[in-house]
Structure formats: C-alpha cells, structure tokens
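Beneath this line is the structure, given in structure tokens, with notes to follow.
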Amino acid sequence: MLVLTTVAFEGLAITTIAATMAQSLQGIHLYGWIFSAFLLSQLIGTLVIGQLVDKRGVFTSLLVSFSIFVLGTVVAAVSFDMHMLIAGRALQGFGAGALITCIYTCVTLHYSDALRTQILAAFSMAFVLPSLIGPYLAGLIASYMSWRFVFWIVLPLIGLALSLTFRAFRALQLRQVLTGPAQQADSKTLHAIVLAIGTGLLLTGLGMITDWTGILLTLGGLVVMIPQMRILLPKGTFAVKKGLPATLVSRGLYVACYFTTESFVILALTEVKGLSADLAGLIVAAGSLSWSAAAWLQAKLDVRDQGYGRKGRVMAGIGIMIAGTVLVILALLLSEGGIILILLSQMITGFGVGLANPTTAAIALQHAVPGKEGDMSANLQFVDSFYMGVSIGVGGALIALSETLQWGLSTGVVMVLTLQLLWVLFSFLASLRITELVHQEHHPNIQSKEKLPM
C-alpha cells in the first residue's frame with residue numbers, strides 16, 4: 001500500500017507542477033512529453049517485468065523495479081534541461097509500471113481468490129490520501145521551495161516501503177516456471193518497445209491533428225500499434241470474446257473514462273468556472289473518497305455471495321458511472337454555476353469505478369495460468385495505462401481542435417466528456433460478455449469437476 005501511495009502521490013503531484021517545471025527548464029513546447037514519456041515507458045515496464053517475474057521470481061523483479069524508479073526520480077530531480085527531465089520521467093514510468101505489476105502478481109500468488117477482492121479494496125485506500133493532499137502539497141512546495149523537492153520527498157517513502165517488504169518478498173516462495181526460450185521473452189520485450197513507439201507517434205500526431213503532418217503521424221502510429229496489440233494482448237481482445245478478453249476491454253474503457261474525465265474536469269473548473277487549482281482538486285478528490293467506500297462495499301458483498309455476484313457488481317458499477325458522466329456533462333453545459341452538480345457527479349462516478357475496478361481485477365486474476373501470474377498482472381496494468389493514455393491524448397486533440405476553430409475551451413471540454421460517455425457505454429456492452437470462475441477456496445464442498453465453466 002505504501003508503494004502504491006508513493007506512486008499515486010508522484011503522479012498526482014506532477015500534474016500540478018508540470019507547467020512550472022516546463023517553464024523553469026525553458027521547455028514549454030515539450031510540456032506534453034512530461035506525461036507521455038511516463039505513459040509509454042510504463043507500458044514497457046509492465047510487460048517486461050511481467051515476463052521477468054515469471055522467469056526470475058517476484059523478489060528479483062521487485063529490486064529491479066525499485067532501482068529503476070529511484071534512478072528516474074533522482075534524474076528528474078537534478079534535471080538541468082527538459083530532455084533530461086523527460087528521460088527521468090521515462091525511467092519513473094518504467095519503474096512505476098513494474099512495481100505495480102509485482103504487487104498484483106503477489107496478490108495472485110499469496111492470497112486465495114476469496115481474499116483478493118478484500119486486499120484489492122484495501123489497495124484503493126492507497127490512492128485516497130494522495131488524491132486529497134498530493135496536488136495541494138505539490139503546489140505549496142513548488143511555490144515556497146522548489147519543484148525539485150517534489151521528487152526528493154518521494155525517496156524516503158520508497159525506501160521505507162522497500163525496508164518494510166524486503167523480508168516478506170524474499171520469503172515468498174514462487175514457483176519458478178520459465179515462460180519459454182529466451183528468444184520468446186526477448187521477442188515480447190521488443191513488441192512492447194515497438195508498441196510504445198507507435199503510441200508515441202499516435203499521441204504526437206493527435207497533438208497536431210489539424211495539420212497534415214499530424215494526420216500522417218496518427219495513421220502511422222495506428223499502423224505500428226495494432227499488430228503489436230494483437231501480439232501482446234490476450235487472444236480475442238479485438239473481438240471482445242467472452243471471458244478474459246471482454247473483462248480487459250470493459251476495464252480499460254471505464255478506467256479511461258474515469259481518469260480522462262477527472263483530468264478535464266479540473267481544466268474546466270479552473271479555466272471555465274474560475275475556481276482555484278486547490279479547490280478544483282478537492283472537488284475531484286471527492287471521487288476518490290467514494291471510490292474507496294465502494295471498494296470496501298464490493299469486498300463485503302463478495303464475501304457474502306462467495307464470488308457469484310461479481311459480474312453483476314461490475315455491470316452495476318459501470319451503470320453508475322454512466323449516470324455520473326451524463327451529470328457532469330449537463331453541469332458543464334450550464335452557463336453559470338453547476339459546481340454542486342460537478343461535485344455530485346464526481347462522487348457518483350467514483351463510487352461506480354470503485355465498485356467495478358477491484359472486481360474486474362479479481363475476475364482477471366482468476367484466469368491466470370500457474371507460472372504465468374506475471375503476465376496476467378502485466379495485462380491488467382497494460383489496459384489501464386494504455387486505454388487511459390490514448391483517451392487523454394484524443395481529449396487533448398479535441399481541445400486543440402476546439403481552440404483552432406475558435407469554438408472555445410468550454411465546447412472542447414464538453415466534446416471530450418461526451419467521448420468519455422461513449423467509452424463507458426461501450427464498456428457496459430463489453431461487460432455483458434464477462435464470465436466468472438468460482439474457485440474451490442470459495443466453495444470447498446464443490447469438487448473440481450463441478451467448477452463453473454468459463
């Protein structure tokens with residue numbers, strides 16, 4: 001939980017001070033890459049470490065992940081130009097994705113299926129405190145000290161997390177099953193790198209989509225990305241086949257909706273509604289609180305129905321998110337006011353994602369093949385970061401288009417949020433094809449031949 005808290009704090013804090021950093025290093029034209037570098041390397045980190053976990057064990061993978069994250073933090077803190085900062089953010093992204101993959105793998109290995117929804121609910125608490133104080137604290141540090149200290153204060157936290165978990169991870173006995181010949185592992189790593197390059201082309205092109213160069217870069221990025229996605233994602237993902245593919249597609253879409261909505265609602269509150277950044281952050285933080293409450297609720301319900309109601313909880317959560325997204329669009333369409341409606345919408349949407357997110361993770365982890373737990377953990381992190389990154393990139397392109405055509409920022413934000421409504425509607429349709437597995441630890445009286453089919 002401390003690892004997750006540290007990673008979450010860093011991500012939320014950087015959102016607040018990104019403009020200050022870019023101006024300080026005379027690199028405002030590279031502003032977007034503060035986030036894109038983190039995202040693209042996170043994709044690589046989740047997939048590469050997912051392979052390493054299965055091949056070398058979680059303890060070795062954890063040490064590698066910690067080291068890369070710390071190195072990236074130090075590089076970013078001492079950056080003397082924008083390119084060095086972007087390099088540090090890339091290392092941080094790799095390490096962050098790798099760390100979370102290690103944690104999900106340990107949940108799969110160390111906890112029975114009956115307990116996974118409860119530990120995943122506990123993990124949601126790791127995001128509450130960073131959501132409440134991260135942006136505000138980062139703003140204070142940058143204003144009265146230096147933005148560099150926002151990076152430095154992360155190091156003691158990550159060091160404490162390592163000291164607390166060192167013996168437990170070392171003692172955790174993993175089944176050392178090789179993922180296959182070294183060439184196969186190297187091939188998957190190469191595909192991850194190519195996918196990151198293609199995603200970079202796509203995001204760059206979306207940022208300049210009103211120009212022919214942007215259109216060509218966007219199309220080129222898609223051409224590079226799609227074959228890699230077919231290789232790296234479970235078979236049947238593009239067809240949204242029943243079972244794991246549908247689970248991952250549904251999860252990726254509603255996660256993209258939630259975090260993209262959160263990012264652009266902050267923009268609307270500050271630039272359209274005229275609120276201060278700290279107050280806007282507190283309004284959005286209400287969603288984190290309701291997320292945590294819903295996560296604990298689904299854990300209690302999972303114990304009560306012994307896992308039989310997981311699909312229903314996912315569908316209910318996504319349905320609640322649909323209502324919250326519609327409400328925030330209506331609130332932004334109001335020429336004046338609407339702040340209370342926006343606050344309410346964030347609480348509703350946060351509750352919905354809190355109900356669905358731990359549940360889809362638990363369903364996906366049920367599909368993990370023994371010895372391949374790292375792959376499944378990497379798949380979860382992949383869909384979260386990839387779908388979210390693409391959604392935010394498309395949102396940025398819509399804002400740029402709205403500004404170019406002089407439609408106004410408010411119109412651009414409404415266009416972005418309308419797109420998020422489409423994502424969450426598609427997510428609901430995909431959730432209809434989710435299938436559950438009920439393991440014997442949930443039902444000890446059920447013999448193996450009586451297990452529910454996929």
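Naming scheme: A, B, ... for chains in displayed order of the structure tokens; residues 1 onward per chain; ligands 1 onward as shown.
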message: Taking 4 positions as the minimum chain separation for residues in the same chain, which residues sit within 10 Å of stretch 319-323 of chain A when counting only C-alpha atoms? Answer as a list in words.
response: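 Skipping anything fewer than 4 positions along the chain leaves Tyr254, Cys257, Tyr258, Arg313, Val314, Met315, Leu327, Val328, Ser345, Gln346, Met347, Ile348, Thr349, Gly350, Phe351, Gly352, Val353, Gly354, Leu355, Ala356, Gln420, Leu421, Leu422, Trp423, Val424, Leu425, Ser427 and Phe428 of chain A.
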Selection near A:Gly88, 6 Å with only C-alpha atoms, sequence-local residues under 6 positions removed, as a short mmCIF file (atom, residue, chain, number, x, y, z; two decimals) with N, CA and C atoms, in the first residue's frame:
```
data_model
loop_
_atom_site.label_atom_id
_atom_site.label_comp_id
_atom_site.auth_asym_id
_atom_site.auth_seq_id
_atom_site.Cartn_x
_atom_site.Cartn_y
_atom_site.Cartn_z
N GLY A 72 15.11 7.06 -11.81
CA GLY A 72 14.33 8.05 -12.56
C GLY A 72 13.98 9.26 -11.71
N VAL A 75 17.15 11.42 -11.39
CA VAL A 75 17.44 12.10 -12.66
C VAL A 75 16.49 13.28 -12.86
N ALA A 76 15.20 13.07 -12.57
CA ALA A 76 14.23 14.15 -12.73
C ALA A 76 14.51 15.30 -11.77
#
```
Taking 2 positions as the minimum chain separation for residues in the same chain, which residues sit within 7 Å of stretch 153-159 of chain A when counting only C-alpha atoms? Answer as a CSV table (one decimal) with C-alpha atoms, in the first residue's frame.
```
chain,number,residue,atom,x,y,z
A,3,VAL,CA,4.4,1.6,-2.7
A,6,THR,CA,4.1,6.8,-3.3
A,70,VAL,CA,14.6,5.6,-7.7
A,149,PHE,CA,11.7,18.8,-3.8
A,150,VAL,CA,8.5,17.2,-5.0
A,151,PHE,CA,10.8,14.5,-6.4
A,161,ALA,CA,8.4,0.7,1.6
A,162,LEU,CA,11.4,-1.4,0.5
A,163,SER,CA,12.6,-1.9,4.1
```
- request: Could you tell me which of A:Val413, A:Leu233, A:Val394, A:Ile193 comes closest to A:Glu271 if we count only C-alpha atoms?
  value: A:Val413
field: Given only C-alpha atoms as the counted atoms, nearest of A:Thr325, A:Thr260, A:Thr105, A:Ser65 to A:Gln366
entry: A:Thr105
